[in-house]
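Shown here: run11.csv, CSV, C-alpha atoms.
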chain,number,residue,atom,x,y,z
A,18,MET,CA,-66.5,37.5,-15.7
A,19,ALA,CA,-68.9,40.3,-16.7
A,20,ARG,CA,-71.5,41.5,-14.2
A,21,ASN,CA,-74.9,43.0,-15.2
A,22,VAL,CA,-75.1,46.7,-15.4
A,23,ARG,CA,-77.8,46.6,-12.7
A,24,ASP,CA,-75.6,44.7,-10.3
A,25,VAL,CA,-72.8,47.1,-10.8
A,26,LEU,CA,-75.1,50.1,-10.2
A,27,ASP,CA,-76.6,48.4,-7.2
A,28,GLN,CA,-73.1,48.2,-5.7
A,29,GLU,CA,-71.5,51.4,-7.0
A,30,TYR,CA,-74.2,54.0,-7.4
A,31,LEU,CA,-74.0,55.5,-3.9
A,32,VAL,CA,-70.2,55.3,-4.0
A,33,ALA,CA,-70.1,57.2,-7.3
A,34,ARG,CA,-72.7,59.7,-6.1
A,35,ALA,CA,-70.6,60.4,-3.0
A,36,LYS,CA,-67.4,60.9,-5.1
A,37,ILE,CA,-69.1,63.3,-7.4
A,38,LEU,CA,-70.4,65.3,-4.4
A,39,GLU,CA,-66.9,65.4,-3.0
A,40,LEU,CA,-65.6,66.8,-6.3
A,41,ALA,CA,-68.4,69.4,-6.4
A,42,ALA,CA,-67.6,70.5,-2.9
A,43,ILE,CA,-63.9,70.8,-3.6
A,44,LEU,CA,-64.7,73.0,-6.6
A,45,ASP,CA,-67.0,75.1,-4.4
A,46,ARG,CA,-64.2,75.4,-1.9
A,47,LEU,CA,-61.8,76.6,-4.6
A,48,ASP,CA,-64.4,79.2,-5.6
A,49,ARG,CA,-64.6,80.5,-2.0
A,50,ALA,CA,-60.8,80.6,-1.6
A,51,ASN,CA,-58.8,83.8,-2.1
A,52,GLY,CA,-56.9,84.0,-5.4
A,53,GLU,CA,-57.5,82.6,-8.9
A,54,ALA,CA,-57.5,78.8,-9.3
A,55,ALA,CA,-57.1,79.0,-13.1
A,56,GLU,CA,-53.5,80.4,-12.5
A,57,ASP,CA,-52.4,77.2,-10.9
A,58,PRO,CA,-51.7,74.4,-13.5
A,59,ARG,CA,-53.0,71.8,-11.0
A,60,TYR,CA,-56.5,73.3,-11.4
A,61,GLY,CA,-56.2,72.9,-15.2
A,62,LEU,CA,-55.3,69.2,-14.7
A,63,LEU,CA,-58.3,68.7,-12.5
A,64,ARG,CA,-60.6,70.3,-15.1
A,65,GLN,CA,-59.1,68.1,-17.8
A,66,GLY,CA,-59.5,65.0,-15.7
A,67,MET,CA,-63.1,65.8,-15.2
A,68,GLU,CA,-63.6,66.3,-18.9
A,69,LEU,CA,-62.0,62.8,-19.5
A,70,LEU,CA,-64.8,61.3,-17.4
A,71,GLN,CA,-67.3,62.4,-20.1
A,72,GLN,CA,-65.6,60.1,-22.7
A,73,LYS,CA,-67.6,57.0,-23.7
A,74,GLU,CA,-64.7,54.7,-24.5
A,75,ASP,CA,-63.4,52.1,-22.0
A,76,GLY,CA,-60.0,53.0,-20.4
A,77,ARG,CA,-60.9,56.2,-18.7
A,78,ALA,CA,-58.9,55.3,-15.6
A,79,GLU,CA,-55.8,54.7,-17.7
A,80,ARG,CA,-56.2,58.0,-19.5
A,81,VAL,CA,-56.7,59.9,-16.3
A,82,GLN,CA,-53.5,58.3,-15.0
A,83,LEU,CA,-51.6,59.4,-18.1
A,84,LEU,CA,-53.0,62.9,-17.8
A,85,PHE,CA,-51.4,63.2,-14.4
A,86,SER,CA,-48.1,61.6,-15.5
A,87,ARG,CA,-44.8,63.1,-16.6
A,88,PRO,CA,-44.1,62.2,-20.3
A,89,TYR,CA,-41.6,59.4,-21.1
A,90,GLN,CA,-38.6,60.4,-23.1
A,91,ALA,CA,-37.3,57.5,-25.2
A,92,THR,CA,-33.9,59.2,-25.4
A,93,TRP,CA,-33.3,59.3,-21.6
A,94,ARG,CA,-30.4,56.9,-21.7
A,95,ASP,CA,-28.5,59.1,-24.1
A,96,GLU,CA,-29.2,62.1,-21.8
A,97,PHE,CA,-28.0,60.1,-18.8
A,98,GLY,CA,-25.0,58.6,-20.6
A,99,VAL,CA,-26.0,55.1,-19.5
B,24,MET,CA,-59.1,32.2,3.1
B,25,GLN,CA,-55.4,31.7,3.6
B,26,TYR,CA,-53.4,34.4,1.9
B,27,PHE,CA,-49.8,35.6,1.4
B,28,ASP,CA,-48.9,39.3,1.4
B,29,PRO,CA,-46.0,39.6,-1.0
B,30,HIS,CA,-45.0,43.2,0.0
B,31,ILE,CA,-45.5,44.5,3.5
B,32,HIS,CA,-43.1,46.5,5.7
B,33,MET,CA,-43.6,44.9,9.0
B,34,VAL,CA,-40.8,46.8,10.7
B,35,SER,CA,-43.3,49.7,10.6
B,36,ARG,CA,-46.1,47.7,12.3
B,37,THR,CA,-46.9,46.7,15.8
B,38,THR,CA,-47.0,43.1,17.1
B,39,ASP,CA,-50.8,43.6,17.4
B,40,ASP,CA,-50.8,44.0,13.6
B,41,TYR,CA,-49.2,40.6,13.2
B,42,GLU,CA,-52.0,39.1,15.3
B,43,THR,CA,-54.7,40.9,13.3
B,44,LEU,CA,-53.1,39.7,10.0
B,45,ALA,CA,-53.0,36.1,11.4
B,46,ARG,CA,-56.7,36.3,12.3
B,47,MET,CA,-57.5,37.6,8.8
B,48,GLY,CA,-55.8,34.5,7.2
B,49,CYS,CA,-52.3,35.7,6.5
B,50,VAL,CA,-50.0,32.7,6.5
B,51,GLY,CA,-46.9,34.2,4.9
B,52,MET,CA,-45.4,37.5,3.8
B,53,SER,CA,-42.4,39.0,2.2
B,54,GLU,CA,-40.8,42.2,3.3
B,55,PRO,CA,-38.7,44.3,1.0
B,56,ALA,CA,-36.0,46.6,2.3
B,57,PHE,CA,-37.1,50.2,2.0
B,58,TRP,CA,-36.7,53.8,3.2
B,59,ALA,CA,-37.0,54.4,6.9
B,60,GLY,CA,-38.6,57.8,6.6
B,61,PHE,CA,-35.2,59.5,6.8
B,62,ASP,CA,-31.9,59.0,5.0
B,63,ARG,CA,-29.6,56.7,6.9
B,64,GLY,CA,-26.0,57.9,7.5
B,65,SER,CA,-23.8,54.9,7.3
B,66,VAL,CA,-23.5,51.3,6.1
B,67,GLU,CA,-23.8,50.2,9.7
B,68,SER,CA,-27.3,51.5,9.9
B,69,PHE,CA,-28.2,49.1,7.0
B,70,ARG,CA,-26.3,46.2,8.6
B,71,ASP,CA,-28.5,46.6,11.7
B,72,TYR,CA,-31.6,47.0,9.5
B,73,PHE,CA,-30.8,43.8,7.6
B,74,ARG,CA,-30.3,42.0,11.0
B,75,GLN,CA,-33.8,43.2,11.9
B,76,LEU,CA,-35.2,41.9,8.6
B,77,THR,CA,-33.4,38.5,8.8
B,78,ASP,CA,-33.5,37.7,12.5
B,79,PHE,CA,-36.0,39.8,14.5
B,80,GLU,CA,-39.0,40.0,12.2
B,81,PRO,CA,-39.1,36.3,11.3
B,82,LYS,CA,-39.3,35.5,15.0
B,83,ARG,CA,-42.0,38.1,15.6
B,84,ALA,CA,-44.1,36.7,12.7
B,85,LYS,CA,-43.6,33.1,13.8
B,86,GLN,CA,-45.4,33.8,17.2
B,87,PHE,CA,-48.5,34.1,15.1
B,88,GLY,CA,-47.9,31.3,12.7
B,89,ILE,CA,-46.9,33.6,9.9
B,90,GLN,CA,-43.8,32.7,7.7
B,91,HIS,CA,-41.7,35.8,7.1
B,92,PHE,CA,-39.4,36.3,4.1
B,93,THR,CA,-37.4,39.3,3.0
B,94,TRP,CA,-35.5,41.1,0.2
B,95,LEU,CA,-32.4,43.2,0.6
B,96,CYS,CA,-31.2,46.4,-1.0
B,97,ILE,CA,-30.6,50.1,-0.5
B,98,ASN,CA,-33.8,51.8,-1.7
B,99,ALA,CA,-34.1,54.1,-4.6
B,100,LYS,CA,-34.6,57.2,-2.5
B,101,GLU,CA,-31.3,56.7,-0.7
B,102,ALA,CA,-29.6,55.7,-3.9
B,103,GLU,CA,-29.0,59.4,-4.6
B,104,ASN,CA,-26.0,58.8,-2.3
B,105,VAL,CA,-23.9,56.7,-4.7
B,106,GLU,CA,-21.0,56.2,-2.3
B,107,LEU,CA,-23.2,54.9,0.5
B,108,SER,CA,-25.2,52.8,-1.9
B,109,ARG,CA,-22.1,51.0,-3.1
B,110,GLU,CA,-21.0,50.3,0.5
B,111,VAL,CA,-24.4,48.7,1.2
B,112,ILE,CA,-24.4,46.7,-2.0
B,113,ALA,CA,-21.0,45.4,-1.1
B,114,MET,CA,-22.3,44.4,2.3
B,115,ILE,CA,-25.5,42.6,1.2
B,116,PRO,CA,-23.7,39.2,0.4
B,117,GLU,CA,-23.1,38.9,4.2
B,118,PHE,CA,-26.9,38.3,4.5
B,119,ILE,CA,-27.8,36.5,1.2
B,120,ASP,CA,-27.6,33.0,2.7
B,121,LYS,CA,-29.9,33.8,5.7
B,122,PRO,CA,-32.8,31.4,5.5
B,123,ASN,CA,-35.5,34.0,4.9
B,124,VAL,CA,-33.7,36.1,2.2
B,125,ILE,CA,-35.4,35.4,-1.1
B,126,GLY,CA,-34.0,38.1,-3.4
B,127,ILE,CA,-32.9,41.7,-4.1
B,128,GLY,CA,-35.5,44.4,-3.6
B,129,GLU,CA,-37.2,46.7,-3.6
B,130,ILE,CA,-35.0,48.3,-6.1
B,131,GLY,CA,-35.9,50.7,-8.9
B,132,LEU,CA,-36.4,54.4,-9.3
B,133,ASN,CA,-38.0,57.1,-7.2
B,134,LYS,CA,-37.5,60.5,-8.9
B,135,ASN,CA,-36.0,58.9,-12.1
B,136,THR,CA,-32.5,60.4,-11.7
B,137,ARG,CA,-29.1,59.4,-13.1
B,138,ASN,CA,-27.8,58.3,-9.7
B,139,GLU,CA,-30.9,56.2,-9.1
B,140,VAL,CA,-30.4,54.5,-12.5
B,141,THR,CA,-26.7,53.8,-11.7
B,142,ILE,CA,-27.5,52.1,-8.4
B,143,PHE,CA,-30.5,50.3,-9.8
B,144,LYS,CA,-28.2,48.7,-12.5
B,145,GLU,CA,-25.6,47.8,-9.8
B,146,HIS,CA,-28.4,46.0,-7.8
B,147,VAL,CA,-29.4,44.1,-10.9
B,148,ASP,CA,-25.8,43.0,-11.4
B,149,LEU,CA,-25.8,41.7,-7.8
B,150,ALA,CA,-29.1,39.7,-8.3
B,151,VAL,CA,-27.7,38.3,-11.6
B,152,GLN,CA,-24.4,37.3,-9.9
B,153,TYR,CA,-26.2,35.4,-7.2
B,154,ASP,CA,-29.1,34.2,-9.4
B,155,LEU,CA,-31.7,35.7,-7.2
B,156,PRO,CA,-35.2,37.1,-8.0
B,157,ILE,CA,-35.7,40.8,-8.1
B,158,LEU,CA,-38.5,42.9,-6.6
B,159,ILE,CA,-39.0,46.3,-8.3
B,160,HIS,CA,-40.2,49.5,-6.8
B,161,THR,CA,-41.8,51.8,-9.3
B,162,PRO,CA,-42.2,55.6,-8.5
B,163,HIS,CA,-45.4,57.2,-7.3
B,164,LEU,CA,-47.9,59.6,-8.7
B,165,GLU,CA,-46.7,61.7,-11.7
B,166,ASP,CA,-43.3,59.9,-11.8
B,167,LYS,CA,-44.7,56.4,-12.1
B,168,TYR,CA,-45.3,56.2,-15.9
B,169,GLN,CA,-41.9,57.6,-16.8
B,170,GLY,CA,-40.0,55.7,-14.2
B,171,THR,CA,-41.7,52.4,-15.0
B,172,ARG,CA,-40.8,52.8,-18.7
B,173,MET,CA,-37.2,53.6,-17.7
B,174,ILE,CA,-37.0,50.5,-15.4
B,175,LEU,CA,-38.4,48.3,-18.2
B,176,ASP,CA,-35.9,49.8,-20.6
B,177,VAL,CA,-33.0,48.8,-18.3
B,178,LEU,CA,-34.4,45.3,-17.6
B,179,CYS,CA,-35.4,44.5,-21.2
B,180,SER,CA,-32.0,45.5,-22.6
B,181,ASP,CA,-30.1,43.2,-20.2
B,182,SER,CA,-30.0,39.7,-21.6
B,183,ARG,CA,-28.9,38.3,-18.3
B,184,VAL,CA,-32.2,39.1,-16.6
B,185,LYS,CA,-34.7,36.3,-16.4
B,186,ARG,CA,-38.0,38.1,-16.8
B,187,ASP,CA,-40.0,35.4,-14.9
B,188,MET,CA,-37.8,36.1,-11.9
B,189,VAL,CA,-38.7,39.8,-11.7
B,190,LEU,CA,-41.7,41.2,-9.8
B,191,VAL,CA,-42.6,44.8,-10.7
B,192,ASP,CA,-44.6,46.3,-7.9
B,193,HIS,CA,-47.0,49.2,-7.5
B,194,VAL,CA,-48.5,48.8,-11.0
B,195,GLU,CA,-51.6,50.8,-11.8
B,196,GLU,CA,-53.9,51.2,-14.8
B,197,HIS,CA,-51.3,52.9,-17.0
B,198,THR,CA,-48.4,50.6,-16.2
B,199,ILE,CA,-49.8,47.1,-15.7
B,200,GLY,CA,-50.1,46.3,-19.4
B,201,LEU,CA,-46.5,47.4,-20.1
B,202,VAL,CA,-45.2,45.1,-17.3
B,203,LEU,CA,-47.2,42.0,-18.1
B,204,GLU,CA,-46.7,42.3,-21.9
B,205,ALA,CA,-43.0,42.4,-21.3
B,206,GLY,CA,-43.2,39.0,-19.5
B,207,PHE,CA,-42.6,40.2,-15.9
B,208,TRP,CA,-44.7,39.5,-12.8
B,209,ALA,CA,-46.8,42.5,-11.6
B,210,GLY,CA,-47.9,43.5,-8.1
B,211,MET,CA,-50.7,45.8,-7.3
B,212,THR,CA,-50.2,47.8,-4.1
B,213,MET,CA,-53.4,48.8,-2.4
B,214,TYR,CA,-52.7,52.0,-0.5
B,215,PRO,CA,-54.8,55.0,0.3
B,216,VAL,CA,-54.5,58.1,-2.0
B,217,SER,CA,-51.2,57.4,-3.8
B,218,LYS,CA,-51.5,53.9,-5.3
B,219,CYS,CA,-54.7,51.8,-5.9
B,220,THR,CA,-57.7,50.7,-4.0
B,221,PRO,CA,-59.0,47.1,-3.7
B,222,GLU,CA,-61.8,48.0,-6.1
B,223,ARG,CA,-59.4,49.2,-8.8
B,224,ALA,CA,-57.2,46.2,-8.2
B,225,ALA,CA,-60.2,44.0,-8.9
B,226,ASP,CA,-60.9,46.0,-12.0
B,227,MET,CA,-57.3,45.3,-13.2
B,228,ILE,CA,-57.8,41.6,-12.5
B,229,GLU,CA,-61.0,41.6,-14.5
B,230,LYS,CA,-59.2,43.4,-17.4
B,231,TYR,CA,-55.9,41.6,-17.4
B,232,GLY,CA,-56.6,38.2,-15.9
B,233,THR,CA,-54.8,36.3,-13.2
B,234,GLU,CA,-51.6,35.3,-14.8
B,235,ARG,CA,-48.4,36.6,-13.2
B,236,LEU,CA,-50.4,39.1,-11.1
B,237,MET,CA,-50.6,39.5,-7.3
B,238,ALA,CA,-51.7,42.1,-4.7
B,239,ASN,CA,-50.2,43.5,-1.6
B,240,SER,CA,-50.7,46.0,1.1
B,241,ALA,CA,-47.3,47.7,1.4
B,242,GLY,CA,-48.3,48.2,5.1
B,243,ASP,CA,-45.6,50.7,5.9
B,244,TRP,CA,-45.3,53.6,8.3
B,245,GLY,CA,-47.4,55.9,6.1
B,246,PRO,CA,-51.2,56.0,6.0
B,247,SER,CA,-51.5,52.4,4.8
B,248,LYS,CA,-53.8,49.5,5.7
B,249,PRO,CA,-52.0,46.2,6.4
B,250,THR,CA,-55.3,44.3,5.9
B,251,ALA,CA,-55.7,45.5,2.3
B,252,VAL,CA,-55.4,42.0,0.9
B,253,PRO,CA,-58.4,40.7,2.9
B,254,ASP,CA,-60.2,43.8,1.7
B,255,LEU,CA,-59.5,42.7,-1.9
B,256,ILE,CA,-60.7,39.2,-1.1
B,257,MET,CA,-64.0,40.8,0.1
B,258,VAL,CA,-64.4,43.0,-3.0
B,259,MET,CA,-63.8,40.0,-5.3
B,260,ARG,CA,-66.3,37.9,-3.5
B,261,LYS,CA,-68.9,40.7,-3.6
B,262,ARG,CA,-68.4,40.8,-7.4
B,263,GLY,CA,-68.9,37.1,-7.7
B,264,HIS,CA,-65.4,35.9,-8.5
B,265,SER,CA,-64.8,32.2,-7.7
B,266,GLU,CA,-62.8,31.2,-4.7
B,267,ALA,CA,-60.2,29.6,-7.1
B,268,THR,CA,-59.7,32.9,-8.9
B,269,ILE,CA,-59.3,34.8,-5.6
B,270,ARG,CA,-56.9,32.2,-4.2
B,271,LYS,CA,-54.8,32.4,-7.4
B,272,ILE,CA,-54.1,36.1,-6.8
B,273,VAL,CA,-53.6,36.1,-3.1
B,274,TYR,CA,-52.0,32.7,-2.5
B,275,ASP,CA,-51.0,30.6,-5.5
B,276,ASN,CA,-49.3,33.3,-7.6
B,277,PRO,CA,-47.1,34.6,-4.7
B,278,LEU,CA,-46.0,31.1,-3.9
B,279,THR,CA,-45.3,30.3,-7.6
B,280,PHE,CA,-43.2,33.4,-8.0
B,281,PHE,CA,-41.3,33.1,-4.7
B,282,ALA,CA,-40.5,29.4,-5.4
B,283,LYS,CA,-38.1,30.7,-8.0
B,284,SER,CA,-35.8,31.6,-5.1
B,285,ARG,CA,-33.6,28.8,-3.8
B,286,ASN,CA,-34.1,30.1,-0.2
B,287,PHE,CA,-37.9,30.1,-0.3
B,288,LYS,CA,-39.0,27.2,1.9
B,289,PHE,CA,-42.6,27.7,2.6
B,290,THR,CA,-44.6,25.1,4.6
B,291,PRO,CA,-48.3,25.1,3.7
B,292,ARG,CA,-50.8,24.6,6.4
B,293,GLU,CA,-52.5,21.2,6.5

What's the structure tokens form of this structure?
Amino acid sequence: MARNVRDVLDQEYLVARAKILELAAILDRLDRANGEAAEDPRYGLLRQGMELLQQKEDGRAERVQLLFSRPYQATWRDEFGV
Amino acid sequence: MQYFDPHIHMVSRTTDDYETLARMGCVGMSEPAFWAGFDRGSVESFRDYFRQLTDFEPKRAKQFGIQHFTWLCINAKEAENVELSREVIAMIPEFIDKPNVIGIGEIGLNKNTRNEVTIFKEHVDLAVQYDLPILIHTPHLEDKYQGTRMILDVLCSDSRVKRDMVLVDHVEEHTIGLVLEAGFWAGMTMYPVSKCTPERAADMIEKYGTERLMANSAGDWGPSKPTAVPDLIMVMRKRGHSEATIRKIVYDNPLTFFAKSRNFKFTPRE
């Protein structure tokens, strides 16, 4: 069941706008804080996450999830001895 | 719309919440055993907890016309204590024939450790021994993808496990496809911050369809919302989904899955 772009924007535009504003305000807060955000790997992950949003292909939510995930090691059973 | 919440921790909720859920259309629920917010010190703590799940909560739910079912286990977080876990697993058969016990759960992994894997496999052995359905807890946040893959590795390499008797919960965008493609049931937990929202749950329904998929609130002692399933119903209606599609996710699918348990005796409303 695919909705029209206009219907989706009617329902989601203000929601998305509010979330972009929240992100902008968080980045401003980080700028005002003491210390260097770039030294914390979490800041780098946030920047990468925001870059992912610029991609045009479907599946952005899945790619963002994977960005914030530990990698899977196929050999884990050998390491655990199970 | 009548609905069934397949994963909600009512021991954490007030009696007022039961009334609210009944007013919202909840006619049935299943409550997996989980962590109490602190590590319990002895098997006797679990025996009392299982009495609460099999005796007290069904009575509390019944006051509001809700049918209460439950799952038993020692959760993955406390599974780090292997000795205690084995004592609890040995005690579970005392409760398996209670009328509202439908399976073993929520078992799985939390931080994806060796001890957690050991106890997870021993729980699977117990479920297989008694031919009971399994409800799986998958880890949160950065541990979810790795842990879900590890859990699927264990389940898929065990030929005794009937995949249509396993519900893998807390799936999100990066794990739902893995679970469904492997032939298991999948549950989406709608929970603020750490799991998924009703809007994202609706997205996953639109992307993956309605087969072997259900939605729950978790409704535990954390910042959760026990009425998350009615929220999903509202989101799906706003998007134009049919009542039949919504009903399949929030009512038909849970009943179909739970009917695989010999103890699941649900009486539909007239």

Original post:
Which residue out of B:Ser35, B:Gln25, B:Ser182, B:Asn133 has the minimum interatomic distance to B:Ile256 when only C-alpha atoms are used?
Top reply: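 Ranked by minimum distance to B:Ile256, first place goes to B:Gln25.
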
Counting all atoms listed in the file, chain B residues within 9 Å of chain A, as a PDB file with C-alpha atoms, in the coordinates of the input:
ATOM      1  CA  THR B 136     -32.500  60.400 -11.700  1.00  0.00           C
ATOM      2  CA  ARG B 137     -29.100  59.400 -13.100  1.00  0.00           C
ATOM      3  CA  VAL B 140     -30.400  54.500 -12.500  1.00  0.00           C
ATOM      4  CA  THR B 141     -26.700  53.800 -11.700  1.00  0.00           C
ATOM      5  CA  LEU B 164     -47.900  59.600  -8.700  1.00  0.00           C
ATOM      6  CA  GLU B 165     -46.700  61.700 -11.700  1.00  0.00           C
ATOM      7  CA  ASP B 166     -43.300  59.900 -11.800  1.00  0.00           C
ATOM      8  CA  LYS B 167     -44.700  56.400 -12.100  1.00  0.00           C
ATOM      9  CA  TYR B 168     -45.300  56.200 -15.900  1.00  0.00           C
ATOM     10  CA  GLN B 169     -41.900  57.600 -16.800  1.00  0.00           C
ATOM     11  CA  GLY B 170     -40.000  55.700 -14.200  1.00  0.00           C
ATOM     12  CA  ARG B 172     -40.800  52.800 -18.700  1.00  0.00           C
ATOM     13  CA  MET B 173     -37.200  53.600 -17.700  1.00  0.00           C
ATOM     14  CA  GLU B 195     -51.600  50.800 -11.800  1.00  0.00           C
ATOM     15  CA  GLU B 196     -53.900  51.200 -14.800  1.00  0.00           C
ATOM     16  CA  HIS B 197     -51.300  52.900 -17.000  1.00  0.00           C
ATOM     17  CA  THR B 198     -48.400  50.600 -16.200  1.00  0.00           C
ATOM     18  CA  GLU B 229     -61.000  41.600 -14.500  1.00  0.00           C
ATOM     19  CA  LYS B 261     -68.900  40.700  -3.600  1.00  0.00           C
ATOM     20  CA  ARG B 262     -68.400  40.800  -7.400  1.00  0.00           C
ATOM     21  CA  GLY B 263     -68.900  37.100  -7.700  1.00  0.00           C
ATOM     22  CA  HIS B 264     -65.400  35.900  -8.500  1.00  0.00           C
TER      23      HIS B 264
END

**OP:** Rank nothing, just name the residue among B:Pro249, B:Ala102, B:Asp120, B:Met259 nearest to B:Met33, using all atoms listed in the file.
**Re:** B:Pro249

**OP:** Using atom CA of B:Arg223 and atom CA of A:Glu29 as the two end points, give the distance in Å to one decimal.
**Re:**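 Interatomic distance, atom CA of B:Arg223 to atom CA of A:Glu29: 12.4 Å.
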
**OP:** Could you jot down the atom CA of A:Leu26 to atom CA of B:Met47 separation for me, Å, one decimal place?
**Re:**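 Result for atom CA of A:Leu26 versus atom CA of B:Met47: 28.8 Å, one decimal.
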
**OP:** Can you work out the spacing between atom CA of B:Glu129 and atom CA of B:Lys185 in Å, to one decimal?
**Re:**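 Between atom CA of B:Glu129 and atom CA of B:Lys185 the gap works out to 16.7 Å.
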
Subject >> 12 Å contact set for B:Phe79, all atoms listed in the file, chain neighbours under 5 positions out, as a list in words >> reply: Met33, Val34, Thr38, Asp71, Tyr72, Phe73, Arg74, Ala84, Lys85, Gln86, His91, Phe92, Thr93 and Asn123 of chain B

Save stretch 157-171 of chain B from what I just supplied, as a compact mmCIF listing (two decimals), in the first residue's frame, atoms limited to N, CA, C and O atoms.
# COMPACT_ATOMS: atom_id res chain seq x y z
N ILE B 157 9.24 -20.80 22.04
CA ILE B 157 10.34 -20.01 22.61
C ILE B 157 10.11 -18.55 22.27
O ILE B 157 9.78 -18.22 21.13
N LEU B 158 10.32 -17.68 23.26
CA LEU B 158 10.27 -16.24 23.01
C LEU B 158 11.69 -15.69 23.24
O LEU B 158 12.27 -15.89 24.30
N ILE B 159 12.21 -15.02 22.21
CA ILE B 159 13.61 -14.58 22.23
C ILE B 159 13.71 -13.08 22.53
O ILE B 159 13.02 -12.27 21.90
N HIS B 160 14.61 -12.75 23.45
CA HIS B 160 15.00 -11.35 23.69
C HIS B 160 16.27 -11.08 22.88
O HIS B 160 17.24 -11.82 22.99
N THR B 161 16.24 -10.04 22.06
CA THR B 161 17.47 -9.63 21.39
C THR B 161 18.03 -8.40 22.08
O THR B 161 17.28 -7.60 22.65
N PRO B 162 19.36 -8.24 22.06
CA PRO B 162 19.98 -7.13 22.81
C PRO B 162 19.54 -5.77 22.27
O PRO B 162 18.91 -5.67 21.22
N HIS B 163 19.94 -4.75 22.97
CA HIS B 163 19.55 -3.39 22.61
C HIS B 163 20.71 -2.63 21.97
O HIS B 163 21.88 -2.99 22.10
N LEU B 164 20.35 -1.55 21.31
CA LEU B 164 21.30 -0.55 20.81
C LEU B 164 22.44 -1.19 20.02
O LEU B 164 22.20 -1.97 19.12
N GLU B 165 23.70 -0.85 20.38
CA GLU B 165 24.82 -1.29 19.54
C GLU B 165 25.05 -2.80 19.59
O GLU B 165 25.76 -3.34 18.73
N ASP B 166 24.46 -3.49 20.57
CA ASP B 166 24.65 -4.94 20.68
C ASP B 166 23.60 -5.74 19.90
O ASP B 166 23.72 -6.96 19.79
N LYS B 167 22.56 -5.08 19.39
CA LYS B 167 21.44 -5.82 18.80
C LYS B 167 21.83 -6.62 17.56
O LYS B 167 21.50 -7.80 17.44
N TYR B 168 22.52 -5.98 16.63
CA TYR B 168 22.81 -6.66 15.36
C TYR B 168 23.68 -7.90 15.61
O TYR B 168 23.36 -9.01 15.17
N GLN B 169 24.78 -7.70 16.32
CA GLN B 169 25.68 -8.81 16.62
C GLN B 169 24.95 -9.91 17.38
O GLN B 169 25.05 -11.10 17.05
N GLY B 170 24.19 -9.53 18.41
CA GLY B 170 23.50 -10.51 19.25
C GLY B 170 22.43 -11.26 18.49
O GLY B 170 22.25 -12.47 18.67
N THR B 171 21.70 -10.54 17.64
CA THR B 171 20.66 -11.22 16.86
C THR B 171 21.28 -12.25 15.92
O THR B 171 20.78 -13.37 15.79
